[in-house]
file input-v9.pdb (PDB, C-alpha atoms)
ATOM      1  CA  MET A   1     275.366  75.812 197.585
ATOM      2  CA  ALA A   2     278.558  75.169 199.531
ATOM      3  CA  GLU A   3     278.976  71.604 200.817
ATOM      4  CA  SER A   4     281.646  69.809 202.780
ATOM      5  CA  LYS A   5     284.135  68.044 200.546
ATOM      6  CA  ILE A   6     283.716  64.276 200.211
ATOM      7  CA  SER A   7     286.904  62.329 199.488
ATOM      8  CA  GLU A   8     287.306  60.854 196.017
ATOM      9  CA  ASN A   9     287.707  57.394 197.554
ATOM     10  CA  ILE A  10     284.338  57.632 199.294
ATOM     11  CA  GLU A  11     282.696  58.940 196.129
ATOM     12  CA  GLU A  12     284.073  55.970 194.167
ATOM     13  CA  TYR A  13     282.617  53.466 196.651
ATOM     14  CA  LEU A  14     279.237  55.163 196.680
ATOM     15  CA  GLU A  15     279.211  55.386 192.884
ATOM     16  CA  VAL A  16     279.805  51.629 192.561
ATOM     17  CA  LEU A  17     277.119  50.928 195.165
ATOM     18  CA  TYR A  18     274.706  53.066 193.168
ATOM     19  CA  ARG A  19     275.607  51.393 189.893
ATOM     20  CA  ASN A  20     274.831  47.974 191.365
ATOM     21  CA  GLY A  21     272.030  48.885 193.750
ATOM     22  CA  SER A  22     270.348  52.144 192.748
ATOM     23  CA  ASN A  23     266.933  50.964 193.914
ATOM     24  CA  GLY A  24     267.785  49.618 197.354
ATOM     25  CA  GLU A  25     269.380  46.337 196.259
ATOM     26  CA  GLN A  26     272.043  44.903 198.564
ATOM     27  CA  VAL A  27     275.507  44.889 196.967
ATOM     28  CA  SER A  28     277.948  42.198 198.078
ATOM     29  CA  THR A  29     281.507  42.762 199.227
ATOM     30  CA  THR A  30     282.596  40.441 196.421
ATOM     31  CA  GLN A  31     280.939  42.640 193.787
ATOM     32  CA  LEU A  32     282.486  45.781 195.218
ATOM     33  CA  SER A  33     285.900  44.137 195.377
ATOM     34  CA  LYS A  34     285.625  43.119 191.729
ATOM     35  CA  ASP A  35     284.409  46.492 190.461
ATOM     36  CA  LEU A  36     286.926  48.531 192.464
ATOM     37  CA  ASN A  37     289.811  46.067 192.063
ATOM     38  CA  ILE A  38     290.413  46.204 195.822
ATOM     39  CA  ALA A  39     290.985  43.289 198.201
ATOM     40  CA  PRO A  40     287.826  42.096 200.019
ATOM     41  CA  GLY A  41     289.364  42.792 203.429
ATOM     42  CA  SER A  42     289.996  46.427 202.519
ATOM     43  CA  VAL A  43     286.472  46.729 201.125
ATOM     44  CA  THR A  44     285.024  45.435 204.392
ATOM     45  CA  GLN A  45     286.984  48.016 206.387
ATOM     46  CA  MET A  46     285.741  50.801 204.129
ATOM     47  CA  LEU A  47     282.134  49.633 204.373
ATOM     48  CA  LYS A  48     282.323  49.856 208.155
ATOM     49  CA  LYS A  49     283.630  53.414 207.819
ATOM     50  CA  LEU A  50     280.873  54.347 205.379
ATOM     51  CA  GLU A  51     278.276  52.968 207.784
ATOM     52  CA  ASP A  52     279.749  55.034 210.623
ATOM     53  CA  LEU A  53     279.437  58.106 208.376
ATOM     54  CA  GLY A  54     275.781  57.313 207.730
ATOM     55  CA  TYR A  55     276.188  56.679 204.003
ATOM     56  CA  ILE A  56     275.299  52.967 203.939
ATOM     57  CA  SER A  57     273.667  50.159 205.885
ATOM     58  CA  TYR A  58     276.068  47.230 206.093
ATOM     59  CA  THR A  59     275.368  43.608 207.006
ATOM     60  CA  PRO A  60     278.487  41.404 207.371
ATOM     61  CA  TYR A  61     278.652  38.517 204.872
ATOM     62  CA  LYS A  62     275.662  39.917 202.982
ATOM     63  CA  GLY A  63     276.533  43.374 201.695
ATOM     64  CA  ALA A  64     275.577  47.030 201.783
ATOM     65  CA  THR A  65     272.759  49.329 200.723
ATOM     66  CA  LEU A  66     272.832  53.100 200.343
ATOM     67  CA  THR A  67     271.087  55.302 202.900
ATOM     68  CA  ASP A  68     269.233  58.405 201.725
ATOM     69  CA  GLU A  69     272.353  60.497 202.408
ATOM     70  CA  GLY A  70     274.582  58.003 200.606
ATOM     71  CA  MET A  71     272.172  57.917 197.675
ATOM     72  CA  LYS A  72     272.285  61.707 197.439
ATOM     73  CA  ILE A  73     276.080  61.704 197.063
ATOM     74  CA  ALA A  74     276.115  58.644 194.794
ATOM     75  CA  GLN A  75     273.549  60.069 192.390
ATOM     76  CA  LYS A  76     275.402  63.367 192.195
ATOM     77  CA  ILE A  77     278.788  61.850 191.325
ATOM     78  CA  THR A  78     277.206  59.303 188.949
ATOM     79  CA  ARG A  79     275.356  62.099 187.176
ATOM     80  CA  LYS A  80     278.557  64.076 186.702
ATOM     81  CA  HIS A  81     280.392  61.003 185.402
ATOM     82  CA  ARG A  82     277.720  60.131 182.845
ATOM     83  CA  ILE A  83     277.253  63.714 181.638
ATOM     84  CA  LEU A  84     281.007  63.997 181.206
ATOM     85  CA  GLU A  85     281.057  60.787 179.154
ATOM     86  CA  LYS A  86     278.362  62.254 176.916
ATOM     87  CA  PHE A  87     280.318  65.502 176.569
ATOM     88  CA  LEU A  88     283.624  63.764 175.849
ATOM     89  CA  LEU A  89     282.110  61.530 173.169
ATOM     90  CA  ASP A  90     279.560  63.792 171.468
ATOM     91  CA  ILE A  91     281.273  67.185 171.678
ATOM     92  CA  LEU A  92     285.004  66.547 172.045
ATOM     93  CA  LYS A  93     284.938  63.350 169.918
ATOM     94  CA  VAL A  94     287.198  61.464 172.336
ATOM     95  CA  LYS A  95     287.543  57.770 171.475
ATOM     96  CA  GLU A  96     284.745  55.793 173.102
ATOM     97  CA  GLU A  97     287.168  53.360 174.748
ATOM     98  CA  ASN A  98     288.821  56.272 176.572
ATOM     99  CA  ILE A  99     285.838  58.232 177.839
ATOM    100  CA  HIS A 100     285.171  56.208 181.016
ATOM    101  CA  ASP A 101     288.658  56.678 182.466
ATOM    102  CA  GLN A 102     288.747  60.344 181.531
ATOM    103  CA  ALA A 103     285.317  60.958 183.061
ATOM    104  CA  CYS A 104     286.520  59.234 186.252
ATOM    105  CA  GLU A 105     289.376  61.717 186.508
ATOM    106  CA  MET A 106     287.167  64.746 185.860
ATOM    107  CA  GLU A 107     284.009  63.949 187.825
ATOM    108  CA  HIS A 108     285.442  64.758 191.263
ATOM    109  CA  THR A 109     286.429  68.315 190.300
ATOM    110  CA  LEU A 110     283.463  69.284 188.113
ATOM    111  CA  SER A 111     281.573  72.046 189.901
ATOM    112  CA  ASP A 112     277.802  72.009 190.203
ATOM    113  CA  GLU A 113     277.640  75.176 188.114
ATOM    114  CA  ALA A 114     279.678  73.574 185.305
ATOM    115  CA  GLU A 115     277.556  70.418 185.506
ATOM    116  CA  ARG A 116     274.422  72.518 185.028
ATOM    117  CA  ALA A 117     275.987  74.302 182.040
ATOM    118  CA  LEU A 118     276.988  70.989 180.451
ATOM    119  CA  CYS A 119     273.478  69.624 180.907
ATOM    120  CA  THR A 120     272.002  72.666 179.168
ATOM    121  CA  MET A 121     274.528  72.517 176.316
ATOM    122  CA  LEU A 122     273.842  68.810 175.782
ATOM    123  CA  GLN A 123     270.069  69.511 175.837
ATOM    124  CA  HIS A 124     269.298  67.619 179.043
ATOM    125  CA  PRO A 125     270.474  64.097 178.102
ATOM    126  CA  ASP A 126     268.825  61.050 179.665
ATOM    127  CA  LEU A 127     271.358  58.343 178.764
ATOM    128  CA  CYS A 128     275.145  58.111 178.822
ATOM    129  CA  PRO A 129     277.001  56.439 175.916
ATOM    130  CA  ASP A 130     276.561  53.047 177.633
ATOM    131  CA  GLU A 131     272.796  53.729 177.694
ATOM    132  CA  ASN A 132     272.662  53.962 181.477
ATOM    133  CA  ILE A 133     270.253  56.475 182.998
ATOM    134  CA  ILE A 134     271.762  59.840 183.883
ATOM    135  CA  PRO A 135     270.312  60.638 187.324
ATOM    136  CA  ALA A 136     268.292  63.791 187.833
ATOM    137  CA  CYS A 137     270.122  66.877 189.029
ATOM    138  CA  ASN A 138     269.757  67.710 192.707
ATOM    139  CA  PHE A 139     268.597  71.268 192.033
ATOM    140  CA  ASP A 140     265.169  72.229 193.369
ATOM    141  CA  PHE A 141     263.253  72.608 190.106
ATOM    142  CA  GLY A 142     260.189  70.862 188.736
ATOM    143  CA  SER A 143     261.434  70.899 185.146
ATOM    144  CA  CYS A 144     264.361  71.896 182.969
ATOM    145  CA  GLN A 145     262.358  74.925 181.846
ATOM    146  CA  GLU A 146     262.361  76.191 185.429
ATOM    147  CA  CYS A 147     266.101  75.562 185.676
ATOM    148  CA  PHE A 148     266.827  77.419 182.439
ATOM    149  CA  SER A 149     264.781  80.414 183.562
ATOM    150  CA  GLN A 150     266.990  80.843 186.652
ATOM    151  CA  LYS A 151     270.048  82.567 185.217
ATOM    152  CA  ASP A 152     271.812  83.299 188.518
ATOM    153  CA  PHE A 153     273.390  80.085 189.761
ATOM    154  CA  ASP A 154     273.924  81.584 193.201
ATOM    155  CA  GLN A 155     270.128  81.562 193.600
ATOM    156  CA  VAL A 156     269.832  77.844 192.827
ATOM    157  CA  ILE A 157     269.077  75.657 195.856
ATOM    158  CA  ASN A 158     269.372  71.900 196.316
ATOM    159  CA  ARG A 159     266.482  69.484 196.452
ATOM    160  CA  LYS A 160     265.992  67.875 199.865
ATOM    161  CA  PHE A 161     265.069  64.391 198.631
ATOM    162  CA  ASN A 162     266.244  61.794 196.112
ATOM    163  CA  LEU A 163     264.524  60.776 192.889
ATOM    164  CA  LEU A 164     264.362  57.765 190.585
ATOM    165  CA  SER A 165     263.104  57.732 187.004
ATOM    166  CA  ILE A 166     260.165  55.500 186.114
ATOM    167  CA  SER A 167     262.561  53.237 184.199
ATOM    168  CA  GLU A 168     264.607  52.660 187.389
ATOM    169  CA  LEU A 169     261.703  51.666 189.646
ATOM    170  CA  ASN A 170     261.218  48.248 191.191
ATOM    171  CA  ALA A 171     257.877  46.490 190.947
ATOM    172  CA  ASP A 172     255.151  47.548 193.384
ATOM    173  CA  THR A 173     256.474  51.082 193.822
ATOM    174  CA  GLU A 174     254.379  54.146 194.589
ATOM    175  CA  GLY A 175     255.492  57.750 194.656
ATOM    176  CA  VAL A 176     254.918  61.329 193.585
ATOM    177  CA  ILE A 177     256.224  62.749 190.304
ATOM    178  CA  SER A 178     258.578  65.522 191.402
ATOM    179  CA  PHE A 179     260.737  66.393 188.380
ATOM    180  CA  ILE A 180     260.342  66.130 184.606
ATOM    181  CA  ARG A 181     263.472  66.452 182.467
ATOM    182  CA  GLY A 182     263.834  67.341 178.822
ATOM    183  CA  ASN A 183     263.669  69.979 176.129
ATOM    184  CA  ASP A 184     260.507  71.915 175.351
ATOM    185  CA  GLU A 185     259.280  69.334 172.823
ATOM    186  CA  LEU A 186     259.617  66.396 175.233
ATOM    187  CA  LEU A 187     258.077  68.362 178.095
ATOM    188  CA  ASP A 188     255.124  69.257 175.859
ATOM    189  CA  ASP A 189     254.682  65.584 174.879
ATOM    190  CA  ILE A 190     254.668  64.529 178.531
ATOM    191  CA  THR A 191     252.246  67.295 179.486
ATOM    192  CA  SER A 192     249.909  66.274 176.652
ATOM    193  CA  GLU A 193     249.576  62.878 178.357
ATOM    194  CA  GLY A 194     248.252  64.618 181.443
ATOM    195  CA  ILE A 195     251.447  63.898 183.401
ATOM    196  CA  LYS A 196     252.617  66.664 185.701
ATOM    197  CA  VAL A 197     254.671  67.356 188.796
ATOM    198  CA  GLY A 198     252.596  66.411 191.828
ATOM    199  CA  SER A 199     250.859  63.471 190.147
ATOM    200  CA  ASN A 200     250.670  60.224 192.113
ATOM    201  CA  LEU A 201     252.282  57.262 190.350
ATOM    202  CA  LYS A 202     252.085  53.524 190.893
ATOM    203  CA  TYR A 203     254.284  50.989 189.093
ATOM    204  CA  GLU A 204     253.057  47.534 190.005
ATOM    205  CA  PHE A 205     254.652  44.717 188.046
ATOM    206  CA  SER A 206     258.064  44.499 186.418
ATOM    207  CA  ASP A 207     256.709  42.046 183.823
ATOM    208  CA  THR A 208     254.457  44.802 182.455
ATOM    209  CA  ARG A 209     257.570  46.321 180.915
ATOM    210  CA  ALA A 210     257.548  45.374 177.251
ATOM    211  CA  ASP A 211     258.692  46.858 173.961
ATOM    212  CA  ASN A 212     260.465  49.637 175.849
ATOM    213  CA  HIS A 213     257.222  50.756 177.486
ATOM    214  CA  TYR A 214     256.210  50.951 181.152
ATOM    215  CA  LEU A 215     252.651  50.317 182.265
ATOM    216  CA  VAL A 216     251.936  52.681 185.161
ATOM    217  CA  THR A 217     248.977  54.240 186.935
ATOM    218  CA  ILE A 218     249.147  58.019 187.217
ATOM    219  CA  ASP A 219     246.378  59.765 189.157
ATOM    220  CA  ASP A 220     244.156  56.672 188.718
ATOM    221  CA  ARG A 221     244.710  56.565 184.936
ATOM    222  CA  GLU A 222     246.543  53.620 183.386
ATOM    223  CA  LEU A 223     249.189  54.747 180.902
ATOM    224  CA  ASN A 224     251.718  52.887 178.754
ATOM    225  CA  ILE A 225     254.777  55.148 178.920
ATOM    226  CA  PRO A 226     257.540  54.838 176.260
ATOM    227  CA  SER A 227     261.106  54.643 177.540
ATOM    228  CA  GLU A 228     262.062  58.090 176.202
ATOM    229  CA  MET A 229     259.451  59.505 178.585
ATOM    230  CA  ALA A 230     260.033  57.036 181.414
ATOM    231  CA  ASN A 231     263.747  57.923 181.514
ATOM    232  CA  ASN A 232     262.848  61.559 182.166
ATOM    233  CA  ILE A 233     259.943  61.389 184.616
ATOM    234  CA  PHE A 234     261.341  61.284 188.148
ATOM    235  CA  VAL A 235     259.529  60.039 191.210
ATOM    236  CA  ARG A 236     260.023  60.677 194.905
ATOM    237  CA  VAL A 237     259.497  57.221 196.425
TER
END
call {"tool": "encode", "arguments": {"input": "input-v9.pdb", "output": "structure tokens"}}
result
Amino acid sequence: MAESKISENIEEYLEVLYRNGSNGEQVSTTQLSKDLNIAPGSVTQMLKKLEDLGYISYTPYKGATLTDEGMKIAQKITRKHRILEKFLLDILKVKEENIHDQACEMEHTLSDEAERALCTMLQHPDLCPDENIIPACNFDFGSCQECFSQKDFDQVINRKFNLLSISELNADTEGVISFIRGNDELLDDITSEGIKVGSNLKYEFSDTRADNHYLVTIDDRELNIPSEMANNIFVRV
């Protein structure tokens, strides 16, 4: 489980890139400068460094997109931030206006083991207080039931690929369902729809999203998936 330490500054950049371009969208230097409150010239220098490290693809005057390696780091730090916000608000009852800054301070030091424990305690949340998707963990399980059954954290290994939930997908996306999150009740509801890890999924048109449902094709069956399921079904694309 040991990994080389990534600087907090790099994590912050990748987190902002993920927040603005989680599905391969190009994020402009102007947007990054605004979100990070850093001068555009300094942002440009950092983007060049991140490209050299293999975390982003950068096009001058246009912006940057995350590579697979950059996405891996960005999802991990974003997940920790959003789980911490949920913990601070729901369990510790910290004022909502203070939770973002406090989560920012804590996310860089939260261990993977503690993150896993928080997720279990919070019953595998899908949304942070701002109703943004909490990314999937990067542990190599097919479901939260599998994760819970592994009591020894030292035996937990990392997944080798990145995932997006159905509700994060762009139009005309195909992939394989590789992780399903949730408590036993939600997992049973998803299974009852015939949805399982290994199923092939196609999400064709963004305008099919209506009334918090997502029209998808799973193993050649057309299904209208409610958001509470779509937020928790993760696809390798």
call {"tool": "closest_residue", "arguments": {"input": "input-v9.pdb", "among": "A:Ile83, A:Ala114, A:Leu50, A:Cys104", "to": "Glu131 of chain A", "atoms": "all atoms listed in the file"}}
result
A:Ile83
call {"tool": "axis_aligned_box", "arguments": {"input": "input-v9.pdb", "around": "segment 130-135 of chain A", "padding_each_side": "5 Å", "output": "AutoDock Vina command-line options"}}
result
--center_x 273.4 --center_y 56.8 --center_z 182.5 --size_x 16.3 --size_y 17.6 --size_z 19.7
call {"tool": "closest_residue", "arguments": {"input": "input-v9.pdb", "among": "A:Gly194, A:Gly70, A:Gly63, A:Gly24", "to": "Phe161 of chain A", "atoms": "all atoms listed in the file"}}
result
A:Gly70
call {"tool": "atom_distance", "arguments": {"input": "input-v9.pdb", "atom1": "atom CA of Glu113 of chain A", "atom2": "atom CA of Arg82 of chain A"}}
result
15.9 Å
call {"tool": "closest_residue", "arguments": {"input": "input-v9.pdb", "among": "A:Lys151, A:Lys62, A:Lys196, A:Lys80", "to": "Asp112 of chain A", "atoms": "only C-alpha atoms"}}
result
A:Lys80
call {"tool": "residues_around", "arguments": {"input": "input-v9.pdb", "residues": "Val235 of chain A", "least_positions_apart": "3", "cutoff": "12 Å", "atoms": "all atoms listed in the file", "output": "compact mmCIF listing (two decimals) with C-alpha atoms, in the frame of the given file"}}
result
# COMPACT_ATOMS: atom_id res chain seq x y z
CA PRO A 135 270.31 60.64 187.32
CA ALA A 136 268.29 63.79 187.83
CA GLY A 142 260.19 70.86 188.74
CA PHE A 161 265.07 64.39 198.63
CA ASN A 162 266.24 61.79 196.11
CA LEU A 163 264.52 60.78 192.89
CA LEU A 164 264.36 57.76 190.58
CA SER A 165 263.10 57.73 187.00
CA ILE A 166 260.17 55.50 186.11
CA SER A 167 262.56 53.24 184.20
CA GLU A 168 264.61 52.66 187.39
CA LEU A 169 261.70 51.67 189.65
CA ASN A 170 261.22 48.25 191.19
CA THR A 173 256.47 51.08 193.82
CA GLU A 174 254.38 54.15 194.59
CA GLY A 175 255.49 57.75 194.66
CA VAL A 176 254.92 61.33 193.58
CA ILE A 177 256.22 62.75 190.30
CA SER A 178 258.58 65.52 191.40
CA PHE A 179 260.74 66.39 188.38
CA ILE A 180 260.34 66.13 184.61
CA ARG A 181 263.47 66.45 182.47
CA ILE A 195 251.45 63.90 183.40
CA LYS A 196 252.62 66.66 185.70
CA VAL A 197 254.67 67.36 188.80
CA GLY A 198 252.60 66.41 191.83
CA SER A 199 250.86 63.47 190.15
CA ASN A 200 250.67 60.22 192.11
CA LEU A 201 252.28 57.26 190.35
CA LYS A 202 252.08 53.52 190.89
CA TYR A 203 254.28 50.99 189.09
CA ILE A 218 249.15 58.02 187.22
CA ALA A 230 260.03 57.04 181.41
CA ASN A 231 263.75 57.92 181.51
CA ASN A 232 262.85 61.56 182.17
call {"tool": "atom_distance", "arguments": {"input": "input-v9.pdb", "atom1": "atom CA of Cys144 of chain A", "atom2": "atom CA of Cys119 of chain A"}}
result
9.6 Å
call {"tool": "residues_around", "arguments": {"input": "input-v9.pdb", "residues": "Ile10 of chain A", "least_positions_apart": "6", "cutoff": "12 Å", "atoms": "only C-alpha atoms", "output": "VMD selection string"}}
result
chain A and resid 16 to 17 36 43 46 to 51 53 55 to 56 70 73 to 74 77 108
call {"tool": "closest_residue", "arguments": {"input": "input-v9.pdb", "among": "A:Ile99, A:Ile6, A:Val27, A:Leu186", "to": "Lys76 of chain A", "atoms": "all atoms listed in the file"}}
result
A:Ile6
call {"tool": "atom_distance", "arguments": {"input": "input-v9.pdb", "atom1": "atom CA of Arg79 of chain A", "atom2": "atom CA of Glu193 of chain A"}}
result
27.3 Å
call {"tool": "closest_residue", "arguments": {"input": "input-v9.pdb", "among": "A:Lys160, A:Glu115, A:Ile190, A:Thr78", "to": "Arg236 of chain A", "atoms": "only C-alpha atoms"}}
result
A:Lys160
call {"tool": "build_atoms", "arguments": {"input": "input-v9.pdb", "residues": "segment 175-197 of chain A", "atoms": "N, CA and C atoms", "output": "tab-separated table (two decimals), in the coordinates of the input"}}
result
chain	number	residue	atom	x	y	z
A	175	GLY	N	254.81	56.50	194.34
A	175	GLY	CA	255.49	57.75	194.66
A	175	GLY	C	254.82	58.93	193.99
A	176	VAL	N	255.45	60.08	194.14
A	176	VAL	CA	254.92	61.33	193.58
A	176	VAL	C	255.89	61.85	192.54
A	177	ILE	N	255.39	62.17	191.35
A	177	ILE	CA	256.22	62.75	190.30
A	177	ILE	C	256.70	64.13	190.78
A	178	SER	N	258.02	64.31	190.81
A	178	SER	CA	258.58	65.52	191.40
A	178	SER	C	259.51	66.28	190.47
A	179	PHE	N	259.87	65.69	189.34
A	179	PHE	CA	260.74	66.39	188.38
A	179	PHE	C	260.54	65.76	187.01
A	180	ILE	N	260.45	66.61	185.99
A	180	ILE	CA	260.34	66.13	184.61
A	180	ILE	C	261.45	66.80	183.80
A	181	ARG	N	262.28	65.97	183.19
A	181	ARG	CA	263.47	66.45	182.47
A	181	ARG	C	263.21	66.46	180.96
A	182	GLY	N	263.89	67.38	180.27
A	182	GLY	CA	263.83	67.34	178.82
A	182	GLY	C	263.70	68.72	178.19
A	183	ASN	N	263.84	68.73	176.87
A	183	ASN	CA	263.67	69.98	176.13
A	183	ASN	C	262.18	70.31	176.01
A	184	ASP	N	261.90	71.46	175.42
A	184	ASP	CA	260.51	71.92	175.35
A	184	ASP	C	259.60	70.91	174.65
A	185	GLU	N	260.10	70.28	173.59
A	185	GLU	CA	259.28	69.33	172.82
A	185	GLU	C	258.90	68.13	173.68
A	186	LEU	N	259.90	67.56	174.40
A	186	LEU	CA	259.62	66.40	175.23
A	186	LEU	C	258.69	66.77	176.39
A	187	LEU	N	258.94	67.92	177.00
A	187	LEU	CA	258.08	68.36	178.10
A	187	LEU	C	256.64	68.55	177.62
A	188	ASP	N	256.47	69.08	176.42
A	188	ASP	CA	255.12	69.26	175.86
A	188	ASP	C	254.46	67.90	175.62
A	189	ASP	N	255.23	66.92	175.12
A	189	ASP	CA	254.68	65.58	174.88
A	189	ASP	C	254.23	64.94	176.19
A	190	ILE	N	255.03	65.11	177.23
A	190	ILE	CA	254.67	64.53	178.53
A	190	ILE	C	253.43	65.22	179.10
A	191	THR	N	253.39	66.54	178.99
A	191	THR	CA	252.25	67.30	179.49
A	191	THR	C	250.97	66.91	178.75
A	192	SER	N	251.09	66.64	177.45
A	192	SER	CA	249.91	66.27	176.65
A	192	SER	C	249.30	64.95	177.10
A	193	GLU	N	250.09	64.13	177.81
A	193	GLU	CA	249.58	62.88	178.36
A	193	GLU	C	248.90	63.09	179.72
A	194	GLY	N	248.85	64.33	180.16
A	194	GLY	CA	248.25	64.62	181.44
A	194	GLY	C	249.16	64.32	182.62
A	195	ILE	N	250.46	64.20	182.36
A	195	ILE	CA	251.45	63.90	183.40
A	195	ILE	C	252.06	65.20	183.87
A	196	LYS	N	252.10	65.40	185.17
A	196	LYS	CA	252.62	66.66	185.70
A	196	LYS	C	253.26	66.43	187.06
A	197	VAL	N	254.08	67.38	187.46
A	197	VAL	CA	254.67	67.36	188.80
A	197	VAL	C	253.55	67.40	189.83
